[in-house]
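upload36.cif follows (mmCIF, C-alpha atoms):
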data_start
loop_
_atom_site.label_atom_id
_atom_site.label_comp_id
_atom_site.auth_asym_id
_atom_site.auth_seq_id
_atom_site.Cartn_x
_atom_site.Cartn_y
_atom_site.Cartn_z
CA MET A 187 0.00 0.00 0.00
CA THR A 188 2.84 2.39 0.85
CA GLN A 189 4.44 1.73 -2.54
CA THR A 190 1.11 2.40 -4.30
CA ARG A 191 0.70 5.72 -2.51
CA THR A 192 4.30 6.59 -3.42
CA VAL A 193 3.64 5.92 -7.08
CA THR A 194 0.41 7.94 -7.00
CA ARG A 195 2.15 10.92 -5.42
CA ALA A 196 5.05 10.65 -7.84
CA VAL A 197 2.69 10.57 -10.80
CA ALA A 198 0.80 13.60 -9.51
CA VAL A 199 4.06 15.51 -9.25
CA GLY A 200 5.19 14.19 -12.62
CA ALA A 201 1.96 15.25 -14.28
CA ALA A 202 2.28 18.76 -12.88
CA VAL A 203 5.94 19.15 -13.71
CA LEU A 204 6.05 17.40 -17.08
CA THR A 205 2.85 18.46 -18.83
CA LEU A 206 4.55 19.96 -21.90
CA ALA A 207 1.23 21.63 -22.57
CA LEU A 208 1.98 23.44 -25.79
CA LEU A 209 2.97 20.23 -27.54
CA ALA A 210 -0.64 19.42 -28.28
CA GLY A 211 -0.80 22.09 -30.92
CA PHE A 212 2.63 21.23 -32.30
CA ALA A 213 1.75 17.52 -32.46
CA ALA A 214 -1.38 18.31 -34.41
CA ARG A 215 0.53 20.38 -36.96
CA GLY A 216 3.22 17.69 -37.15
CA ARG A 217 0.60 15.06 -37.94
CA ALA A 218 -0.94 17.23 -40.63
CA LEU A 219 2.48 17.53 -42.24
CA ALA A 220 3.05 13.78 -42.00
CA GLY A 221 -0.13 13.20 -43.98
CA GLY A 222 1.46 14.97 -46.92
CA VAL A 223 4.59 12.81 -46.95
CA ALA A 224 4.66 10.01 -49.50
CA ALA A 225 4.31 6.72 -47.65
CA ALA A 226 7.63 4.91 -47.77
CA GLY A 227 7.17 2.74 -44.70
CA GLY A 228 8.19 3.64 -41.16
CA THR A 229 10.93 1.00 -41.33
CA THR A 230 13.03 2.92 -43.87
CA GLY A 231 16.59 3.20 -42.55
CA LEU A 232 16.05 0.84 -39.61
CA GLY A 233 18.03 -2.11 -40.99
CA GLN A 234 17.25 -5.81 -40.73
CA MET A 235 13.62 -6.58 -39.88
CA ASN A 236 13.42 -10.36 -39.43
CA GLY A 237 15.39 -13.29 -38.10
CA LEU A 238 18.27 -13.15 -35.64
CA LEU A 239 20.71 -10.26 -35.43
CA PRO A 240 24.18 -11.59 -36.40
CA ARG A 241 26.37 -12.05 -33.33
CA ARG A 242 29.11 -9.92 -34.89
CA HIS A 243 26.69 -6.98 -34.55
CA LEU A 244 26.48 -7.29 -30.75
CA THR A 245 28.20 -4.96 -28.31
CA LEU A 246 26.50 -6.84 -25.45
CA GLU A 247 28.29 -10.10 -26.23
CA SER A 248 26.59 -12.03 -23.42
CA ALA A 249 23.23 -11.69 -25.18
CA ILE A 250 22.05 -15.17 -26.14
CA GLN A 251 20.13 -13.91 -29.15
CA VAL A 252 18.39 -10.86 -30.58
CA ASN A 253 15.18 -11.91 -32.34
CA LEU A 254 14.17 -9.16 -34.78
CA SER A 255 10.96 -10.95 -35.72
CA LYS A 256 9.80 -10.77 -32.09
CA GLU A 257 11.51 -7.49 -31.11
CA SER A 258 13.21 -9.23 -28.19
CA VAL A 259 16.65 -9.80 -26.74
CA ARG A 260 17.38 -12.96 -24.75
CA LEU A 261 19.75 -12.39 -21.84
CA PRO A 262 21.28 -14.61 -19.15
CA LEU A 263 19.22 -14.32 -15.98
CA TYR A 264 20.97 -14.41 -12.62
CA PRO A 265 19.63 -15.22 -9.13
CA GLY A 266 19.55 -12.86 -6.20
CA MET A 267 17.82 -12.24 -2.89
CA SER A 268 16.38 -9.12 -1.34
CA HIS A 269 14.97 -9.12 2.20
CA GLY A 270 14.43 -12.87 2.06
CA LYS A 271 12.70 -12.85 -1.33
CA LYS A 272 14.07 -14.30 -4.57
CA VAL A 273 14.88 -11.77 -7.28
CA TRP A 274 16.28 -12.15 -10.81
CA TYR A 275 18.61 -9.70 -12.52
CA VAL A 276 20.51 -9.16 -15.77
CA LEU A 277 24.06 -7.84 -16.30
CA LEU A 278 24.51 -5.12 -18.92
CA ASP A 279 27.53 -2.88 -18.24
CA SER A 280 30.65 -2.63 -16.10
CA SER A 281 32.96 0.24 -15.14
CA ASP A 282 35.97 -2.10 -15.37
CA ALA A 283 37.31 -3.17 -18.78
CA GLY A 284 38.47 -6.59 -17.60
CA ALA A 285 35.18 -7.40 -15.92
CA ALA A 286 33.24 -6.17 -18.97
CA HIS A 287 35.27 -8.41 -21.28
CA ASP A 288 35.00 -11.40 -18.96
CA LEU A 289 31.24 -11.06 -18.48
CA GLY A 290 30.44 -10.11 -22.08
CA VAL A 291 28.90 -6.75 -21.14
CA ASN A 292 29.50 -3.18 -22.29
CA TYR A 293 32.52 -1.31 -20.94
CA ALA A 294 31.30 1.95 -19.42
CA PRO A 295 34.06 3.74 -17.44
CA LYS A 296 31.72 6.58 -16.44
CA LEU A 297 29.83 4.22 -14.15
CA ALA A 298 32.69 4.67 -11.67
CA ASN A 299 31.27 8.17 -11.05
CA MET A 300 27.80 6.90 -10.20
CA GLY A 301 28.09 7.50 -6.46
CA ILE A 302 29.38 11.10 -6.73
CA GLY A 303 26.95 13.27 -4.80
CA CYS A 304 24.39 10.46 -4.79
CA PRO A 305 25.21 7.50 -2.53
CA ALA A 306 21.72 6.09 -3.18
CA CYS A 307 22.50 5.82 -6.90
CA VAL A 308 24.68 2.78 -6.19
CA GLN A 309 23.59 -0.02 -3.90
CA THR A 310 26.26 -2.09 -2.22
CA VAL A 311 25.49 -5.79 -2.52
CA THR A 312 27.08 -8.94 -1.14
CA LEU A 313 27.75 -12.31 -2.72
CA GLY A 314 26.74 -15.66 -1.31
CA LYS A 315 29.47 -18.18 -0.46
CA PRO A 316 28.32 -21.50 -1.90
CA SER A 317 30.19 -24.71 -1.22
CA ALA A 318 31.86 -26.61 -4.06
CA LYS A 319 29.29 -29.37 -3.60
CA GLY A 320 26.41 -26.92 -3.71
CA ASN A 321 27.74 -25.02 -6.71
CA PRO A 322 30.05 -27.02 -9.01
CA PHE A 323 29.76 -24.23 -11.61
CA GLY A 324 27.49 -21.19 -11.67
CA PRO A 325 26.86 -17.71 -10.28
CA ALA A 326 26.77 -16.90 -6.59
CA VAL A 327 23.54 -15.43 -5.28
CA VAL A 328 23.69 -11.62 -5.06
CA ARG A 329 22.08 -10.16 -1.95
CA PHE A 330 20.46 -6.82 -2.82
CA ARG A 331 19.53 -4.15 -0.29
CA GLY A 332 16.44 -3.19 -2.29
CA ALA A 333 14.31 -4.35 -5.21
CA PRO A 334 11.63 -2.91 -7.51
CA ASN A 335 7.94 -3.24 -6.76
CA PHE A 336 6.34 -4.51 -9.97
CA SER A 337 2.77 -4.60 -8.64
CA PRO A 338 1.55 -1.09 -9.66
CA THR A 339 -0.62 -1.00 -12.78
CA TYR A 340 1.03 0.48 -15.84
CA ILE A 341 -1.11 3.37 -17.13
CA ALA A 342 -0.42 5.36 -20.30
CA VAL A 343 -3.45 7.15 -21.73
CA PRO A 344 -2.64 9.29 -24.78
CA GLY A 345 -4.07 12.80 -24.79
CA PRO A 346 -6.35 14.20 -27.51
CA LYS A 347 -3.31 14.82 -29.71
CA GLY A 348 -1.34 11.84 -28.41
CA PHE A 349 1.21 13.66 -26.32
CA PRO A 350 1.10 15.02 -23.61
CA LEU A 351 -0.45 11.96 -22.04
CA ALA A 352 -3.84 12.44 -20.43
CA LYS A 353 -2.98 10.05 -17.59
CA PHE A 354 0.03 7.99 -16.63
CA GLN A 355 1.49 5.83 -13.89
CA PRO A 356 4.70 3.77 -13.87
CA GLY A 357 4.16 0.03 -13.75
CA ALA A 358 7.19 -0.47 -11.51
CA VAL A 359 8.80 1.64 -8.81
CA ALA A 360 12.00 1.21 -6.81
CA GLY A 361 11.65 -0.06 -3.29
CA PRO A 362 13.76 1.38 -0.45
CA GLY A 363 17.47 1.03 -1.15
CA TYR A 364 17.08 -0.05 -4.77
CA SER A 365 19.24 1.09 -7.66
CA PRO A 366 20.04 -0.92 -10.78
CA PHE A 367 23.68 0.10 -10.35
CA ILE A 368 25.50 -2.10 -7.88
CA ARG A 369 28.91 -2.42 -6.28
CA VAL A 370 29.90 -5.70 -4.63
CA ALA A 371 31.20 -5.09 -1.09
CA GLY A 372 34.99 -5.12 -1.23
CA SER A 373 35.17 -4.07 -4.90
CA ALA A 374 35.20 -0.65 -6.56
CA THR A 375 33.68 -1.87 -9.83
CA VAL A 376 30.16 -0.63 -10.63
CA TYR A 377 27.81 -2.85 -12.63
CA ASN A 378 24.53 -2.13 -14.35
CA ALA A 379 22.45 -5.01 -12.97
CA PRO A 380 18.72 -4.22 -13.04
CA ILE A 381 16.31 -6.60 -11.35
CA VAL A 382 13.67 -7.71 -13.88
CA ALA A 383 11.62 -10.25 -11.91
CA THR A 384 10.84 -11.24 -8.34
CA GLY A 385 9.72 -14.45 -6.67
CA ASP A 386 9.89 -18.13 -7.61
CA GLY A 387 7.15 -18.00 -10.24
CA PRO A 388 4.86 -18.44 -11.93
CA PHE A 389 5.83 -15.19 -13.60
CA ASP A 390 3.17 -12.77 -14.81
CA LEU A 391 4.12 -12.00 -18.42
CA VAL A 392 0.93 -10.09 -19.27
CA ASN A 393 0.10 -7.73 -16.41
CA HIS A 394 3.66 -7.83 -15.06
CA THR A 395 2.77 -7.95 -11.37
CA ASN A 396 6.11 -9.63 -10.59
CA THR A 397 8.12 -8.82 -13.73
CA ALA A 398 9.39 -5.69 -15.42
CA ASP A 399 7.03 -4.29 -18.05
CA ARG A 400 9.40 -5.23 -20.90
CA VAL A 401 9.72 -8.89 -19.91
CA LEU A 402 8.24 -11.15 -22.61
CA GLY A 403 9.42 -14.55 -21.41
CA ILE A 404 11.38 -16.25 -18.61
CA HIS A 405 13.05 -19.63 -18.38
CA ILE A 406 14.41 -20.76 -15.02
CA ALA A 407 16.83 -23.71 -15.06
CA ARG A 408 15.28 -25.35 -12.03
CA SER A 409 16.95 -28.77 -12.09
CA ALA A 410 20.59 -29.35 -11.24
CA SER A 411 23.00 -29.28 -14.17
CA PRO A 412 24.34 -32.69 -15.26
CA SER A 413 27.96 -33.46 -14.47
CA GLY A 414 30.25 -31.23 -16.49
CA ARG A 415 27.34 -29.20 -17.92
CA PHE A 416 25.64 -25.87 -17.15
CA ARG A 417 21.95 -25.14 -17.52
CA GLU A 418 21.33 -21.43 -17.99
CA SER A 419 18.34 -19.34 -16.99
CA TRP A 420 17.29 -16.59 -19.37
CA VAL A 421 14.83 -13.76 -19.94
CA ASP A 422 13.37 -12.35 -23.16
CA MET A 423 12.92 -8.58 -23.08
CA LEU A 424 11.40 -6.06 -25.49
CA PHE A 425 14.21 -3.98 -26.95
CA ILE A 426 14.12 -0.46 -28.47
CA LYS A 427 15.42 0.89 -31.76
CA GLY A 428 17.35 4.13 -32.16
CA PHE A 429 20.29 5.68 -33.99
CA ASP A 430 23.95 6.49 -33.44
CA ALA A 431 26.28 8.19 -35.95
CA GLY A 432 23.76 7.64 -38.72
CA GLN A 433 23.34 3.92 -38.06
CA PRO A 434 20.31 2.08 -36.63
CA ILE A 435 20.99 0.49 -33.24
CA VAL A 436 19.13 -1.58 -30.64
CA TYR A 437 19.20 -1.08 -26.89
CA LEU A 438 17.42 -2.10 -23.69
CA SER A 439 15.77 0.44 -21.43
CA THR A 440 15.27 -0.59 -17.80
CA ASP A 441 15.08 2.39 -15.41
CA ALA A 442 14.46 6.15 -15.27
CA GLY A 443 14.69 8.89 -12.68
CA GLN A 444 11.34 10.47 -13.57
CA PRO A 445 7.81 8.95 -13.57
CA LEU A 446 6.75 10.15 -17.04
CA THR A 447 9.98 8.87 -18.58
CA ALA A 448 9.41 5.51 -16.90
CA VAL A 449 5.95 5.29 -18.45
CA LEU A 450 7.02 6.25 -21.98
CA GLU A 451 9.85 3.71 -21.81
CA ARG A 452 7.85 0.98 -19.95
CA ILE A 453 10.53 0.75 -17.25
CA THR A 454 11.12 1.04 -13.51
CA TYR A 455 10.86 4.44 -11.85
CA VAL A 456 13.94 4.88 -9.64
CA PRO A 457 13.76 8.35 -7.98
CA ALA A 458 17.40 8.26 -6.83
CA LEU A 459 18.64 8.31 -10.43
CA ASP A 460 17.27 11.83 -10.85
CA ARG A 461 20.24 12.91 -8.70
CA ALA A 462 22.94 10.98 -10.58
CA SER A 463 25.99 13.05 -11.49
CA PHE A 464 25.00 15.26 -13.26
CA ASN A 465 22.52 17.21 -15.44
CA GLY A 466 24.28 18.64 -18.50
CA GLY A 467 27.54 16.91 -17.55
CA ASP A 468 28.16 14.63 -20.54
CA ASP A 469 31.98 14.41 -20.80
CA PHE A 470 32.89 16.88 -18.06
CA LEU A 471 34.75 15.90 -14.88
CA GLY A 472 32.76 13.61 -12.59
CA SER A 473 29.83 13.00 -14.91
CA THR A 474 28.30 9.54 -15.08
CA ARG A 475 25.96 10.48 -17.95
CA GLU A 476 26.12 10.52 -21.74
CA ARG A 477 23.77 12.49 -23.96
CA LEU A 478 20.71 11.19 -25.74
CA PHE A 479 18.68 13.27 -28.20
CA ALA A 480 14.89 12.91 -28.22
CA PHE A 481 12.17 14.89 -29.94
CA VAL A 482 8.85 15.68 -28.36
CA ASN A 483 6.95 16.70 -31.51
CA GLY A 484 8.50 14.97 -34.48
CA GLN A 485 6.45 13.76 -37.41
CA THR A 486 3.79 11.08 -36.98
CA GLY A 487 1.97 8.60 -39.21
CA VAL A 488 2.22 4.82 -39.40
CA ASN A 489 3.54 4.74 -42.99
CA ASN A 490 5.72 7.83 -42.73
CA HIS A 491 9.48 7.26 -42.95
CA GLN A 492 10.18 10.55 -41.13
CA THR A 493 8.45 9.66 -37.84
CA GLN A 494 10.24 10.24 -34.54
CA GLY A 495 9.50 11.29 -30.99
CA PHE A 496 6.94 11.22 -28.20
CA ALA A 497 3.89 12.23 -30.26
CA HIS A 498 4.73 9.48 -32.74
CA LEU A 499 4.95 6.88 -29.96
CA ALA A 500 1.62 7.96 -28.46
CA LEU A 501 -0.28 8.21 -31.75
CA ASP A 502 1.18 5.43 -33.86
CA THR A 503 1.54 2.56 -31.37
CA PRO A 504 -0.85 1.00 -28.81
CA LEU A 505 1.02 2.70 -25.98
CA SER A 506 -1.71 2.04 -23.42
CA GLN A 507 -1.50 -1.75 -23.85
CA ASN A 508 0.74 -4.04 -21.80
CA ALA A 509 3.72 -5.52 -23.59
CA SER A 510 3.57 -9.29 -23.97
CA ALA A 511 4.71 -11.87 -26.47
CA ALA A 512 1.05 -12.40 -27.41
CA ASN A 513 0.42 -8.69 -28.10
CA VAL A 514 1.27 -8.94 -31.79
CA SER A 515 -0.18 -5.51 -32.62
CA LEU A 516 2.24 -3.79 -30.23
CA ILE A 517 5.21 -5.91 -31.29
CA ASN A 518 4.58 -5.23 -34.97
CA ALA A 519 4.02 -1.52 -34.43
CA LEU A 520 7.42 -1.29 -32.77
CA ARG A 521 9.09 -3.56 -35.35
CA HIS A 522 7.95 -1.16 -38.06
CA GLY A 523 9.48 1.94 -36.48
CA GLY A 524 7.07 2.73 -33.67
CA ASP A 525 9.73 3.55 -31.05
CA THR A 526 10.67 7.15 -30.31
CA LEU A 527 13.86 6.50 -32.35
CA ASP A 528 16.14 8.56 -30.15
CA VAL A 529 19.65 9.52 -31.22
CA PHE A 530 22.50 8.36 -28.99
CA GLY A 531 25.78 10.12 -28.37
CA ASP A 532 28.89 8.04 -27.72
CA PHE A 533 28.78 4.34 -28.62
CA PRO A 534 31.16 1.41 -27.94
CA THR A 535 32.04 0.87 -31.64
CA LEU A 536 33.15 4.45 -32.42
CA LYS A 537 36.69 4.47 -33.79
CA ASP A 538 37.95 7.28 -31.55
CA PRO A 539 38.58 5.72 -28.09
CA ARG A 540 37.75 9.04 -26.47
CA HIS A 541 34.18 8.60 -27.68
CA ALA A 542 33.89 4.82 -27.50
CA GLU A 543 34.97 4.88 -23.85
CA ALA A 544 32.73 7.85 -23.07
CA TYR A 545 29.71 5.58 -23.52
CA SER A 546 27.47 5.31 -20.47
CA PRO A 547 24.13 3.50 -20.10
CA LEU A 548 22.81 6.46 -18.09
CA TRP A 549 21.60 8.91 -20.70
CA ASP A 550 21.02 12.62 -20.11
CA ALA A 551 18.13 13.47 -22.41
CA GLN A 552 18.31 16.56 -24.58
CA LEU A 553 14.69 17.15 -25.59
CA GLY A 554 14.25 18.87 -28.92
CA LEU A 555 11.19 20.93 -29.81
CA TRP A 556 10.53 21.67 -33.47
CA THR A 557 9.22 25.21 -33.95
CA PRO A 558 6.06 26.04 -35.90
CA LYS A 559 8.34 27.32 -38.68
CA ALA A 560 10.19 24.01 -38.91
CA ILE A 561 6.91 22.11 -39.01
CA SER A 562 5.29 24.31 -41.64
CA GLU A 563 8.37 24.12 -43.88
CA GLY A 564 8.70 20.34 -43.52
CA ILE A 565 12.11 20.51 -41.84
CA ASN A 566 11.08 18.44 -38.80
CA LYS A 567 12.48 15.26 -40.30
CA ARG A 568 13.87 12.17 -38.61
CA GLN A 569 17.36 12.76 -37.18
CA ASN A 570 20.04 10.06 -36.81
CA ASP A 571 23.31 11.77 -35.83
CA GLU A 572 24.22 13.77 -32.72
CA ASN A 573 26.46 16.29 -34.47
CA ARG A 574 23.77 17.14 -36.97
CA VAL A 575 21.42 17.77 -34.05
CA PHE A 576 24.09 19.88 -32.30
CA ASN A 577 24.65 21.94 -35.42
CA LEU A 578 20.96 22.48 -36.05
CA ALA A 579 20.35 23.59 -32.46
CA ALA A 580 23.41 25.90 -32.54
CA THR A 581 22.76 27.56 -35.89
CA ARG A 582 18.98 27.44 -36.32
CA PRO A 583 17.14 28.14 -33.07
CA ASP A 584 14.31 29.32 -35.29
CA LEU A 585 13.83 25.65 -36.22
CA LEU A 586 14.90 23.58 -33.19
CA THR A 587 14.95 24.58 -29.53
CA GLY A 588 15.01 22.87 -26.19
CA VAL A 589 11.89 22.57 -24.07
CA ASP A 590 11.28 23.47 -20.43
CA PRO A 591 9.67 20.41 -18.77
CA ALA A 592 8.05 22.64 -16.14
CA THR A 593 6.12 24.76 -18.64
CA GLY A 594 6.31 23.08 -22.03
CA LEU A 595 7.69 26.31 -23.46
CA PRO A 596 10.78 26.60 -25.67
CA LYS A 597 14.10 27.14 -23.90
CA PRO A 598 17.77 27.09 -24.95
CA TYR A 599 18.81 23.67 -26.18
CA GLY A 600 20.51 21.34 -23.68
CA SER A 601 19.86 19.01 -20.76
CA ALA A 602 16.20 18.64 -19.82
CA GLY A 603 16.78 17.01 -16.42
CA VAL A 604 15.64 13.60 -17.70
CA ASP A 605 17.85 10.53 -17.30
CA ILE A 606 17.30 6.96 -18.50
CA ASN A 607 19.19 3.69 -17.97
CA CYS A 608 19.54 2.28 -21.50
CA ALA A 609 22.25 -0.29 -22.18
CA VAL A 610 23.19 -0.74 -25.82
CA ILE A 611 22.80 -4.20 -27.33
CA GLY A 612 24.23 -3.79 -30.82
CA PHE A 613 23.81 -2.32 -34.28
CA MET A 614 21.40 -3.34 -37.02
CA ALA A 615 23.47 -2.92 -40.19
CA LYS A 616 26.86 -1.19 -40.05
CA ALA A 617 28.71 -0.39 -36.84
CA PRO A 618 28.61 3.30 -35.87
CA THR A 619 32.20 4.49 -36.29
CA ALA A 620 32.13 8.30 -36.55
CA ASP A 621 29.60 11.12 -36.50
CA LEU A 622 28.32 12.28 -39.86
CA ALA A 623 29.12 15.98 -39.44
CA THR A 624 31.82 18.20 -37.98
CA PRO A 625 30.54 20.27 -35.04
CA VAL A 626 30.17 23.94 -35.85
CA PRO A 627 32.17 26.36 -33.65
CA GLY A 628 30.36 27.08 -30.40
CA SER A 629 28.02 24.09 -30.54
CA GLN A 630 27.49 21.97 -27.44
CA PHE A 631 30.23 19.51 -28.33
CA PRO A 632 32.69 18.06 -25.79
CA PRO A 633 35.41 20.66 -25.11
CA ARG A 634 38.35 18.83 -26.69
#

Taking this structure as input, can you express it in the form of structure tokens?
Amino acid sequence: MTQTRTVTRAVAVGAAVLTLALLAGFAARGRALAGGVAAAGGTTGLGQMNGLLPRRHLTLESAIQVNLSKESVRLPLYPGMSHGKKVWYVLLDSSDAGAAHDLGVNYAPKLANMGIGCPACVQTVTLGKPSAKGNPFGPAVVRFRGAPNFSPTYIAVPGPKGFPLAKFQPGAVAGPGYSPFIRVAGSATVYNAPIVATGDGPFDLVNHTNTADRVLGIHIARSASPSGRFRESWVDMLFIKGFDAGQPIVYLSTDAGQPLTAVLERITYVPALDRASFNGGDDFLGSTRERLFAFVNGQTGVNNHQTQGFAHLALDTPLSQNASAANVSLINALRHGGDTLDVFGDFPTLKDPRHAEAYSPLWDAQLGLWTPKAISEGINKRQNDENRVFNLAATRPDLLTGVDPATGLPKPYGSAGVDINCAVIGFMAKAPTADLATPVPGSQFPPR
């Protein structure tokens, strides 16, 4: 009951703070424009649509498979305990290069800064000490201080123009002491290890009362492994499409520091992450964040190859429905370009190590607002490269501005105070290697 009241209060605050009221008019004009665009299919530029993603395209090498026909990634699932209750988590990133390579996860050095000014952003966990007889080969149980509460009902009711939402509530909220970022007692390494299910099963894969809202399937290896063998548990999760350096990518979103963000992404609301170091920090000293570029009022329309952003997600997909493997309409809407299609900054495959190693799964959202002029002139097209967004914001504020989450009004472009835990999985076609444009002088590019 306490958790439910917490979610309700958080949503009330979120609704007041993140209304983005003026977007209704912009979304309407954006949709009118989309109707005049020749239908080329929302999947244009998104890469492979069916089958399994080739393993050579993975940055998250521990992923068992990425099924593009089902919009899911299958990940190893590890056991844990929290306050005497079984929990299940996945491993996505590590602040240590050796650990990342050993575990097959993304190397994210910035995670070492996670606790700066925010002790609650990292939970210290302990490992069980199994006997050789009890554990011939396998993971030790991780003992978490906190876990998510998956029992709240996910609510996402699109408004008259799609976005802003008329009503929303996160379907999962962090319990006391919970953060997806962990540090094992006695070690300095920080891992991205979100809990995605609780209990011993059966697991609710429709209403998600004991699973994260993106969980589509779970297999628990319940029997002991035969001699010399290892039986692995796994989870299937709904991934998200986006772009980096002009290339389509796939990633997994799991947590956010704000309630509205958690709803739009179908992830766990973790209030502590709102204080992670630090808004607008990107590649400055002590920052744990990297920049992500989202658009609140991009073009809409199911068969429009220029769609992007929050209005598109709300209007062109069944956002209000729960994600499940049986919800084919939702899966297919997302397969055909229904995600917000955000643009990422640094990525593990970039050729310049300064940028590859600046990757972080904690993304500091830069929210772009297309102006009425940009919409009327048809310039509000799908973006796929951070430097092109930088340059547009720096040189054409008459076309693209930032947005103030408190009022919905235009503001100078930059951090919007929204952060999201999104670990990259891989790339759809070609590996992102370098940005497509040179930053113009004075743009918000890392000071190097």

Can you translate the PyMOL selection byres ((chain A and resi 564-581) around 6) into the concrete residues it hits in this file, as JSON, numbers by chain? {"A": [429, 430, 431, 432, 492, 494, 529, 531, 560, 561, 562, 563, 582, 583, 586, 623, 625, 626, 629]}

Keeping C-alpha atoms, export the residues of the selection given above as a PDB file, keeping the file's coordinate frame.
ATOM      1  CA  PHE A 429      20.290   5.680 -33.990  1.00  0.00           C
ATOM      2  CA  ASP A 430      23.950   6.490 -33.440  1.00  0.00           C
ATOM      3  CA  ALA A 431      26.280   8.190 -35.950  1.00  0.00           C
ATOM      4  CA  GLY A 432      23.760   7.640 -38.720  1.00  0.00           C
ATOM      5  CA  GLN A 492      10.180  10.550 -41.130  1.00  0.00           C
ATOM      6  CA  GLN A 494      10.240  10.240 -34.540  1.00  0.00           C
ATOM      7  CA  VAL A 529      19.650   9.520 -31.220  1.00  0.00           C
ATOM      8  CA  GLY A 531      25.780  10.120 -28.370  1.00  0.00           C
ATOM      9  CA  ALA A 560      10.190  24.010 -38.910  1.00  0.00           C
ATOM     10  CA  ILE A 561       6.910  22.110 -39.010  1.00  0.00           C
ATOM     11  CA  SER A 562       5.290  24.310 -41.640  1.00  0.00           C
ATOM     12  CA  GLU A 563       8.370  24.120 -43.880  1.00  0.00           C
ATOM     13  CA  ARG A 582      18.980  27.440 -36.320  1.00  0.00           C
ATOM     14  CA  PRO A 583      17.140  28.140 -33.070  1.00  0.00           C
ATOM     15  CA  LEU A 586      14.900  23.580 -33.190  1.00  0.00           C
ATOM     16  CA  ALA A 623      29.120  15.980 -39.440  1.00  0.00           C
ATOM     17  CA  PRO A 625      30.540  20.270 -35.040  1.00  0.00           C
ATOM     18  CA  VAL A 626      30.170  23.940 -35.850  1.00  0.00           C
ATOM     19  CA  SER A 629      28.020  24.090 -30.540  1.00  0.00           C
TER      20      SER A 629
END

Output of the PyMOL selection byres ((chain A and resi 327-338) around 7), listed as a PyMOL selection string: chain A and resi 190+265-268+309+311-314+325-326+339-340+357-364+381+394-398

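Minimum atom-to-atom distance to A:Pro388, evaluated using only C-alpha atoms, belongs to A:Gly403 out of A:Cys307, A:Gly403, A:Ala374, A:Tyr264.
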
Under the rule that all atoms listed in the file are counted, which of A:Pro295, A:Gly385, A:Pro445, A:Pro240 is the nearest residue to A:Ile606?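 Looking at the shortest contact to A:Ile606, the residue is A:Pro445.
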
Selection as number ranges by chain: residues within 8 Å of (20.0, 2.4, -38.6), counting all atoms listed in the file: A: 231-233, 428-430, 432-435, 570, 613-616

Could you list the residues chosen by the PyMOL selection byres ((chain A and resi 380) around 6) in this structure as a PyMOL selection string? chain A and resi 275-276+366+379+381

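The closest residue to A:Thr474, picked from A:Asn236, A:Ser510, A:Thr624, A:Ser281 and counting all atoms listed in the file, is A:Ser281.
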
Which residue is closest to A:Leu548? Choose from A:Lys296, A:Lys597, A:His287, A:His498 and count all atoms listed in the file. A:Lys296

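Between atom CA of A:Asp528 and atom CA of A:Ile341 the separation is 22.2 Å.
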
re atom CA of A:Ala306 and atom CA of A:Leu459: distance 8.2 Å

So, with only C-alpha atoms as the atoms that count, which of A:Val252, A:Leu478, A:Ala620, A:Leu277 lies closest to A:His541?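 Between A:Val252, A:Leu478, A:Ala620, A:Leu277, the residue approaching A:His541 most closely is A:Ala620.
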
Mind listing whatever residues come within 8 Å of the point (33.1, 11.2, -13.3)? Use all atoms listed in the file, file coordinates, and give them as a PyMOL selection string. chain A and resi 296-300+302+463+470-474

May I ask which of the residues A:Asp460, A:Asp525, A:Asp584, A:Asp590 is the closest one to A:Arg475, counting all atoms listed in the file?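 Distance minimum relative to A:Arg475 lands on A:Asp460.
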
Have a look at atom CA of A:Pro344 and atom CA of A:Ser439 and let me know their distance in Å, one decimal.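 Distance reported for this atom pair: 20.7 Å.
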
From the block I gave, I'd like stretch 414-420 of chain A written with N, CA and C atoms, as a PDB file, in the first residue's frame.
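Full text of decode_24.pdb as output:
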ATOM      1  N   GLY A 414      29.472 -31.846 -15.437  1.00  0.00           N
ATOM      2  CA  GLY A 414      30.250 -31.227 -16.494  1.00  0.00           C
ATOM      3  C   GLY A 414      29.469 -30.314 -17.406  1.00  0.00           C
ATOM      4  N   ARG A 415      28.188 -30.038 -17.087  1.00  0.00           N
ATOM      5  CA  ARG A 415      27.340 -29.196 -17.920  1.00  0.00           C
ATOM      6  C   ARG A 415      26.813 -28.017 -17.102  1.00  0.00           C
ATOM      7  N   PHE A 416      26.219 -27.041 -17.819  1.00  0.00           N
ATOM      8  CA  PHE A 416      25.640 -25.875 -17.148  1.00  0.00           C
ATOM      9  C   PHE A 416      24.321 -25.532 -17.808  1.00  0.00           C
ATOM     10  N   ARG A 417      23.263 -25.537 -17.037  1.00  0.00           N
ATOM     11  CA  ARG A 417      21.950 -25.142 -17.523  1.00  0.00           C
ATOM     12  C   ARG A 417      21.698 -23.688 -17.154  1.00  0.00           C
ATOM     13  N   GLU A 418      21.403 -22.883 -18.170  1.00  0.00           N
ATOM     14  CA  GLU A 418      21.330 -21.433 -17.992  1.00  0.00           C
ATOM     15  C   GLU A 418      19.888 -20.949 -17.937  1.00  0.00           C
ATOM     16  N   SER A 419      19.616 -20.038 -17.019  1.00  0.00           N
ATOM     17  CA  SER A 419      18.336 -19.336 -16.989  1.00  0.00           C
ATOM     18  C   SER A 419      18.419 -18.127 -17.917  1.00  0.00           C
ATOM     19  N   TRP A 420      17.277 -17.745 -18.477  1.00  0.00           N
ATOM     20  CA  TRP A 420      17.290 -16.591 -19.368  1.00  0.00           C
ATOM     21  C   TRP A 420      15.968 -15.835 -19.321  1.00  0.00           C
TER      22      TRP A 420
END
